[in-house]
file work24.cif (mmCIF, C-alpha atoms)
data_work
#
loop_
_atom_site.label_atom_id
_atom_site.label_comp_id
_atom_site.auth_asym_id
_atom_site.auth_seq_id
_atom_site.Cartn_x
_atom_site.Cartn_y
_atom_site.Cartn_z
CA MET S 227 -48.48 -7.61 -12.72
CA GLN S 228 -45.31 -6.94 -10.82
CA LYS S 229 -45.76 -4.47 -7.98
CA ASN S 230 -43.45 -1.52 -7.55
CA VAL S 231 -42.06 -1.05 -4.07
CA ARG S 232 -40.22 1.73 -2.36
CA ARG S 233 -38.43 2.09 0.94
CA THR S 234 -40.39 4.04 3.50
CA THR S 235 -39.14 7.28 4.93
CA PRO S 236 -38.56 7.44 8.69
CA THR S 237 -42.11 8.78 9.30
CA ALA S 238 -43.04 5.46 10.93
CA ALA S 239 -40.40 6.09 13.59
CA ALA S 240 -41.84 9.52 14.33
CA ALA S 241 -45.35 8.07 14.56
CA VAL S 242 -44.31 5.36 17.01
CA ALA S 243 -42.40 7.86 19.17
CA ALA S 244 -45.39 10.21 19.20
CA LEU S 245 -47.68 7.35 20.19
CA ALA S 246 -45.41 6.38 23.07
CA ALA S 247 -45.25 9.98 24.24
CA LEU S 248 -49.04 10.16 24.15
CA VAL S 249 -49.30 7.08 26.34
CA LEU S 250 -46.85 8.54 28.83
CA THR S 251 -48.19 12.08 28.96
CA GLY S 252 -51.72 10.81 29.10
CA CYS S 253 -50.99 9.17 32.43
CA GLY S 254 -49.16 11.98 34.14
CA GLY S 255 -45.57 13.11 34.20
CA ALA S 256 -42.27 12.99 35.96
CA SER S 257 -42.05 12.91 39.70
CA GLU S 258 -42.21 16.32 41.32
CA ALA S 259 -41.22 15.13 44.76
CA ALA S 260 -38.69 17.94 45.00
CA ASP S 261 -41.61 20.38 45.15
CA ASP S 262 -42.55 18.96 48.53
CA ALA S 263 -39.27 20.02 50.13
CA LYS S 264 -39.64 22.43 52.99
CA PRO S 265 -37.70 25.72 53.14
CA GLY S 266 -34.29 25.12 54.61
CA ASP S 267 -34.19 21.49 53.50
CA GLU S 268 -32.15 22.25 50.40
CA LYS S 269 -28.99 20.23 50.10
CA LYS S 270 -25.82 21.85 48.90
CA THR S 271 -24.26 19.85 46.12
CA GLU S 272 -21.01 20.33 44.34
CA ALA S 273 -21.06 20.96 40.62
CA PRO S 274 -20.40 17.70 38.73
CA ALA S 275 -16.96 17.21 37.29
CA ALA S 276 -16.60 18.02 33.61
CA PRO S 277 -17.02 14.95 31.37
CA ALA S 278 -13.90 13.66 29.69
CA MET S 279 -15.68 13.65 26.33
CA SER S 280 -17.09 16.62 24.44
CA GLN S 281 -20.20 16.76 22.29
CA GLY S 282 -17.99 16.34 19.24
CA ASP S 283 -16.32 13.25 20.74
CA LEU S 284 -19.70 11.65 21.40
CA GLU S 285 -20.91 12.40 17.88
CA LYS S 286 -18.04 10.30 16.57
CA LEU S 287 -19.04 7.42 18.85
CA ALA S 288 -22.74 7.49 17.96
CA LEU S 289 -24.32 5.49 15.17
CA ALA S 290 -24.45 6.94 11.67
CA GLU S 291 -26.53 6.09 8.62
CA GLY S 292 -25.22 2.88 7.07
CA ASP S 293 -23.85 1.46 10.33
CA VAL S 294 -26.74 -1.00 10.82
CA GLU S 295 -27.92 -3.05 7.87
CA GLY S 296 -31.69 -3.02 7.50
CA PHE S 297 -32.13 0.05 9.69
CA THR S 298 -32.29 3.79 9.11
CA VAL S 299 -30.28 6.01 11.46
CA GLU S 300 -31.36 9.60 12.02
CA LYS S 301 -29.56 12.24 14.05
CA GLY S 302 -31.55 13.62 16.93
CA ALA S 303 -31.64 17.16 18.20
CA ALA S 304 -32.46 18.86 21.48
CA ASP S 305 -35.95 19.60 20.15
CA ASP S 306 -36.57 15.87 19.70
CA VAL S 307 -36.47 15.28 23.45
CA MET S 308 -39.58 16.62 25.10
CA PRO S 309 -39.37 18.22 28.54
CA PRO S 310 -40.92 16.11 31.29
CA PRO S 311 -44.65 16.86 31.34
CA LYS S 312 -46.27 18.43 34.36
CA GLY S 313 -48.66 16.09 36.07
CA ALA S 314 -49.27 13.75 38.96
CA LYS S 315 -46.37 12.58 41.07
CA ALA S 316 -45.12 9.05 40.85
CA GLU S 317 -46.18 6.77 43.69
CA PRO S 318 -43.86 5.70 45.15
CA ALA S 319 -41.75 8.77 44.48
CA GLU S 320 -38.64 6.62 43.83
CA CYS S 321 -40.21 5.64 40.50
CA GLY S 322 -40.31 9.17 39.12
CA PRO S 323 -36.95 8.88 37.31
CA TYR S 324 -38.56 6.60 34.73
CA ALA S 325 -40.31 9.58 33.12
CA ASP S 326 -37.02 11.46 33.16
CA LEU S 327 -35.25 8.56 31.46
CA PHE S 328 -37.98 8.34 28.83
CA MET S 329 -37.76 12.06 28.12
CA LYS S 330 -34.02 12.71 28.53
CA THR S 331 -32.77 9.39 27.11
CA ALA S 332 -29.86 9.27 29.58
CA PRO S 333 -30.09 8.39 33.29
CA GLY S 334 -28.87 10.56 36.12
CA GLU S 335 -27.18 13.89 35.43
CA PRO S 336 -25.20 13.55 32.20
CA GLY S 337 -23.04 16.18 30.60
CA PRO S 338 -23.05 16.28 26.79
CA ALA S 339 -25.26 13.74 25.04
CA VAL S 340 -26.20 12.82 21.49
CA LEU S 341 -29.35 11.16 20.26
CA ARG S 342 -30.11 8.79 17.40
CA THR S 343 -33.39 7.33 16.19
CA VAL S 344 -32.92 3.93 14.60
CA SER S 345 -35.85 2.34 12.77
CA GLU S 346 -36.43 -0.74 10.67
CA LYS S 347 -36.61 -0.25 6.95
CA GLN S 348 -39.90 -1.42 5.51
CA GLU S 349 -41.21 -2.05 2.05
CA THR S 350 -44.60 -0.66 1.05
CA PRO S 351 -46.29 -0.71 -2.34
CA ALA S 352 -45.94 2.44 -4.40
CA LEU S 353 -48.87 3.88 -6.34
CA ASP S 354 -48.76 3.68 -10.11
CA GLY S 355 -48.16 6.90 -11.97
CA ASP S 356 -51.91 7.36 -12.54
CA GLY S 357 -52.73 6.54 -8.91
CA ASP S 358 -54.73 3.43 -9.89
CA LEU S 359 -54.22 0.08 -8.19
CA ASP S 360 -55.36 -3.33 -9.35
CA MET S 361 -56.84 -5.74 -6.81
CA ASP S 362 -53.54 -7.42 -5.95
CA GLU S 363 -51.84 -4.06 -5.45
CA LEU S 364 -54.71 -2.79 -3.35
CA GLU S 365 -54.59 -5.82 -1.05
CA ALA S 366 -50.82 -5.49 -0.71
CA PHE S 367 -51.16 -1.80 0.06
CA GLU S 368 -53.84 -2.42 2.73
CA ASP S 369 -51.71 -5.14 4.33
CA ALA S 370 -48.75 -2.78 4.40
CA MET S 371 -50.83 -0.08 6.07
CA ASP S 372 -52.01 -2.59 8.69
CA ASP S 373 -48.36 -3.42 9.40
CA ALA S 374 -47.15 0.18 9.33
CA PHE S 375 -46.94 0.46 13.11
CA ASP S 376 -45.42 -3.00 13.57
CA VAL S 377 -41.92 -1.58 13.22
CA GLN S 378 -38.94 -1.57 15.54
CA VAL S 379 -37.95 1.92 16.62
CA VAL S 380 -34.98 2.44 18.94
CA ARG S 381 -33.90 5.70 20.48
CA VAL S 382 -30.19 5.51 21.24
CA GLY S 383 -28.57 8.00 23.58
CA VAL S 384 -24.81 8.31 24.07
CA ALA S 385 -23.98 10.46 27.09
CA GLY S 386 -20.79 11.56 28.81
CA TYR S 387 -20.42 11.97 32.57
CA GLY S 388 -17.83 13.55 34.81
CA GLY S 389 -16.21 12.01 37.88
CA ASP S 390 -18.26 9.07 39.18
CA GLY S 391 -21.39 10.32 37.40
CA ALA S 392 -21.72 7.38 35.02
CA ALA S 393 -21.33 4.74 37.74
CA ASP S 394 -23.69 6.69 40.02
CA ALA S 395 -26.27 6.88 37.23
CA MET S 396 -26.18 3.11 36.75
CA LYS S 397 -26.57 2.54 40.49
CA GLU S 398 -29.53 4.90 40.61
CA LEU S 399 -31.04 3.11 37.64
CA ARG S 400 -30.77 -0.25 39.38
CA ASP S 401 -32.12 1.17 42.63
CA TRP S 402 -35.30 2.53 41.13
CA THR S 403 -35.98 -0.35 38.78
CA GLY S 404 -35.67 -2.67 41.76
CA ALA S 405 -37.94 -0.50 43.91
CA CYS S 406 -40.52 -0.20 41.13
CA GLN S 407 -40.51 -3.78 39.91
CA GLY S 408 -43.89 -4.42 41.52
CA GLY S 409 -45.46 -1.54 39.63
CA PHE S 410 -45.98 2.13 40.22
CA ALA S 411 -48.64 4.73 39.56
CA VAL S 412 -48.32 7.93 37.58
CA GLY S 413 -51.66 9.65 37.32
CA PRO S 414 -54.71 7.46 36.65
CA GLN S 415 -52.82 4.58 35.05
CA LYS S 416 -50.67 1.88 36.58
CA GLN S 417 -47.19 1.33 35.24
CA GLY S 418 -44.87 -1.51 36.00
CA VAL S 419 -41.21 -2.35 35.54
CA THR S 420 -40.66 -5.99 34.66
CA ASP S 421 -37.86 -8.24 33.49
CA VAL S 422 -35.26 -6.44 35.56
CA VAL S 423 -31.83 -7.97 34.92
CA PRO S 424 -29.33 -6.04 37.06
CA ASP S 425 -26.41 -8.10 35.87
CA ALA S 426 -27.07 -8.29 32.16
CA PRO S 427 -23.98 -9.30 30.13
CA ALA S 428 -21.74 -6.24 29.87
CA ARG S 429 -20.54 -7.29 26.41
CA GLY S 430 -17.19 -5.61 26.55
CA THR S 431 -18.40 -2.68 28.65
CA ASP S 432 -18.12 -2.21 32.42
CA GLU S 433 -21.73 -2.94 33.35
CA ALA S 434 -25.21 -3.20 31.93
CA THR S 435 -28.87 -3.53 32.87
CA THR S 436 -32.04 -4.24 30.92
CA PHE S 437 -35.72 -3.88 31.78
CA THR S 438 -39.19 -3.49 30.30
CA VAL S 439 -41.83 -0.93 31.23
CA THR S 440 -45.47 -1.94 30.85
CA VAL S 441 -48.61 0.18 31.05
CA ASP S 442 -51.76 -1.27 32.60
CA THR S 443 -54.67 0.14 30.61
CA GLU S 444 -58.13 -1.02 31.61
CA GLY S 445 -56.71 -4.21 33.03
CA LYS S 446 -54.62 -4.98 29.95
CA LYS S 447 -50.85 -4.87 30.27
CA ILE S 448 -49.13 -3.30 27.27
CA PRO S 449 -45.33 -3.27 26.90
CA MET S 450 -44.53 0.38 26.35
CA SER S 451 -40.76 0.39 26.07
CA ARG S 452 -37.82 -1.93 26.53
CA PHE S 453 -34.47 -0.64 27.71
CA ALA S 454 -30.87 -1.80 27.58
CA VAL S 455 -28.30 0.45 29.25
CA TYR S 456 -24.52 0.00 29.08
CA ARG S 457 -21.72 1.86 30.83
CA ASP S 458 -18.26 2.03 29.32
CA GLY S 459 -16.04 4.12 31.58
CA ASP S 460 -17.62 7.56 31.85
CA THR S 461 -19.91 6.99 28.85
CA VAL S 462 -23.43 5.55 29.11
CA VAL S 463 -25.37 4.24 26.13
CA THR S 464 -29.13 3.89 26.50
CA PHE S 465 -31.27 1.91 24.05
CA MET S 466 -35.02 2.47 24.32
CA ALA S 467 -37.02 0.24 21.98
CA MET S 468 -40.67 0.78 21.07
CA ASN S 469 -43.13 -1.02 18.82
CA GLY S 470 -46.24 0.74 17.55
CA ALA S 471 -48.34 -2.40 17.25
CA ALA S 472 -47.57 -3.32 20.86
CA LEU S 473 -48.44 0.19 22.04
CA LEU S 474 -51.80 -0.10 20.30
CA GLY S 475 -52.41 -3.40 22.06
CA GLU S 476 -52.32 -5.29 18.77
CA GLY S 477 -49.39 -7.60 19.36
CA GLY S 478 -46.12 -6.59 17.83
CA GLY S 479 -44.67 -10.07 18.18
CA ASP S 480 -41.41 -10.83 19.93
CA TRP S 481 -39.80 -7.39 19.88
CA GLY S 482 -37.12 -5.69 21.89
CA VAL S 483 -33.82 -3.88 21.44
CA PRO S 484 -32.48 -5.32 18.16
CA GLU S 485 -29.25 -7.22 18.54
CA ALA S 486 -27.82 -5.67 15.38
CA VAL S 487 -28.31 -2.16 16.75
CA VAL S 488 -26.64 -3.02 20.08
CA GLU S 489 -23.68 -4.70 18.36
CA ALA S 490 -23.15 -1.79 16.00
CA GLN S 491 -23.30 0.86 18.72
CA LEU S 492 -21.19 -0.96 21.30
CA GLY S 493 -18.66 -1.73 18.57
CA LYS S 494 -18.06 1.98 18.10
CA LEU S 495 -17.20 2.54 21.76
CA GLY S 496 -13.95 0.63 21.52
#
call {"tool": "encode", "arguments": {"input": "work24.cif", "output": "structure tokens"}}
result
Amino acid sequence: MQKNVRRTTPTAAAAVAALAALVLTGCGGASEAADDAKPGDEKKTEAPAAPAMSQGDLEKLALAEGDVEGFTVEKGAADDVMPPPKGAKAEPAECGPYADLFMKTAPGEPGPAVLRTVSEKQETPALDGDGDLDMDELEAFEDAMDDAFDVQVVRVGVAGYGGDGAADAMKELRDWTGACQGGFAVGPQKQGVTDVVPDAPARGTDEATTFTVTVDTEGKKIPMSRFAVYRDGDTVVTFMAMNGAALLGEGGGDWGVPEAVVEAQLGKLG
């Protein structure tokens, strides 16, 4: 009997993102080192220059549905980005910006920014009209459920910066990934930054960096998210890839930021 199949809705992407957020918030939150400042220590800073690009400009540069074959592209909203959770400070404090990057999508102090969630399309068996499944259909359905979390989900942020903000953000990103490469603590769990490549191929942009963040849970290292960040003038594009199976400690295979997603997004910058 031939099985009916249907394309999944993007609920898998939401589930993977929620799982990653649970891992992060369960082990503390963003660095609160600023709370330790003594009265009178405040530094006066000038307001950042206005970005050259508006929110509308960035929307035109961001991925849209149909831009990446085999992937679903959803528009993000401000409500999709959670505020940094309150919790233990990062140790060392220089590693606190990781939580900010995870939550805000863009490094440093961006101006306008747009968000996209890009997820692999999957095929899962559909129930017959009467809800009954024969043995072959049942086995296929169970296999599909087992693989439901083994899906590539990428959060793509396109942010505009004013003045030297974009270049400064990339420098800050390199500084803290370098400082935290040996691992850092946020709350009861140990987190580490690995595979730091400060001079990743810029691929037609001005500069790029890639890195992976792992979580050490009960002595087992789990890759939580993999990043690729590109700067093109005063625009920064951040790719944060997650895999549900890897987050659950059940493999996930050789996953990362999909090449097709990077090519499609960087192609729209030019």
call {"tool": "resolve_selection", "arguments": {"input": "work24.cif", "expression": "the PyMOL selection byres ((chain S and resi 394) around 12)", "output": "PDB file with C-alpha atoms, in the frame of the given file"}}
result
ATOM      1  CA  PRO S 274     -20.400  17.700  38.730  1.00  0.00           C
ATOM      2  CA  PRO S 333     -30.090   8.390  33.290  1.00  0.00           C
ATOM      3  CA  GLY S 334     -28.870  10.560  36.120  1.00  0.00           C
ATOM      4  CA  GLU S 335     -27.180  13.890  35.430  1.00  0.00           C
ATOM      5  CA  PRO S 336     -25.200  13.550  32.200  1.00  0.00           C
ATOM      6  CA  TYR S 387     -20.420  11.970  32.570  1.00  0.00           C
ATOM      7  CA  GLY S 388     -17.830  13.550  34.810  1.00  0.00           C
ATOM      8  CA  GLY S 389     -16.210  12.010  37.880  1.00  0.00           C
ATOM      9  CA  ASP S 390     -18.260   9.070  39.180  1.00  0.00           C
ATOM     10  CA  GLY S 391     -21.390  10.320  37.400  1.00  0.00           C
ATOM     11  CA  ALA S 392     -21.720   7.380  35.020  1.00  0.00           C
ATOM     12  CA  ALA S 393     -21.330   4.740  37.740  1.00  0.00           C
ATOM     13  CA  ALA S 395     -26.270   6.880  37.230  1.00  0.00           C
ATOM     14  CA  MET S 396     -26.180   3.110  36.750  1.00  0.00           C
ATOM     15  CA  LYS S 397     -26.570   2.540  40.490  1.00  0.00           C
ATOM     16  CA  GLU S 398     -29.530   4.900  40.610  1.00  0.00           C
ATOM     17  CA  LEU S 399     -31.040   3.110  37.640  1.00  0.00           C
ATOM     18  CA  ARG S 400     -30.770  -0.250  39.380  1.00  0.00           C
ATOM     19  CA  ASP S 401     -32.120   1.170  42.630  1.00  0.00           C
ATOM     20  CA  GLU S 433     -21.730  -2.940  33.350  1.00  0.00           C
ATOM     21  CA  ARG S 457     -21.720   1.860  30.830  1.00  0.00           C
ATOM     22  CA  GLY S 459     -16.040   4.120  31.580  1.00  0.00           C
ATOM     23  CA  ASP S 460     -17.620   7.560  31.850  1.00  0.00           C
ATOM     24  CA  THR S 461     -19.910   6.990  28.850  1.00  0.00           C
ATOM     25  CA  VAL S 462     -23.430   5.550  29.110  1.00  0.00           C
TER      26      VAL S 462
END
call {"tool": "resolve_selection", "arguments": {"input": "work24.cif", "expression": "the PyMOL selection byres ((chain S and resi 417) around 6)", "output": "PyMOL selection string"}}
result
chain S and resi 409-411+416+418+440-442
call {"tool": "resolve_selection", "arguments": {"input": "work24.cif", "expression": "the PyMOL selection byres ((chain S and resi 289) around 8)", "output": "ChimeraX atom specification"}}
result
/S:287-288,290-291,293,299,342,490-491,494
call {"tool": "closest_residue", "arguments": {"input": "work24.cif", "among": "S:Asn469, S:Thr331, S:Thr464, S:Thr435", "to": "S:Glu346", "atoms": "all atoms listed in the file"}}
result
S:Asn469
call {"tool": "atom_distance", "arguments": {"input": "work24.cif", "atom1": "atom CA of S:Gly296", "atom2": "atom CA of S:Arg452"}}
result
20.0 Å
call {"tool": "closest_residue", "arguments": {"input": "work24.cif", "among": "S:Ile448, S:Val439, S:Tyr456, S:Gly482", "to": "S:Asp425", "atoms": "all atoms listed in the file"}}
result
S:Tyr456
call {"tool": "residues_around", "arguments": {"input": "work24.cif", "residues": "S:Gly302", "least_positions_apart": "6", "cutoff": "12 Å", "atoms": "all atoms listed in the file", "output": "list in words"}}
result
Ala240, Glu285, Ala288, Leu289, Ala290, Met308, Lys330, Thr331, Ala339, Val340, Leu341, Arg342, Thr343, Val344, Val380, Arg381, Val382, Gly383 and Val384 of chain S
call {"tool": "atom_distance", "arguments": {"input": "work24.cif", "atom1": "atom CA of S:Ala434", "atom2": "atom CA of S:Asp283"}}
result
21.8 Å
call {"tool": "axis_aligned_box", "arguments": {"input": "work24.cif", "around": "stretch 385-393 of chain S", "padding_each_side": "5 Å", "output": "AutoDock Vina command-line options"}}
result
--center_x -20.1 --center_y 9.1 --center_z 33.1 --size_x 17.8 --size_y 18.8 --size_z 22.1
call {"tool": "atom_distance", "arguments": {"input": "work24.cif", "atom1": "atom CA of S:Trp402", "atom2": "atom CA of S:Cys321"}}
result
5.8 Å
call {"tool": "residues_near_point", "arguments": {"input": "work24.cif", "point": "(-31.9, -1.7, 6.0)", "cutoff": "9 Å", "atoms": "only C-alpha atoms", "output": "JSON, numbers by chain"}}
result
{"S": [292, 294, 295, 296, 297, 298, 345, 346, 347, 348]}
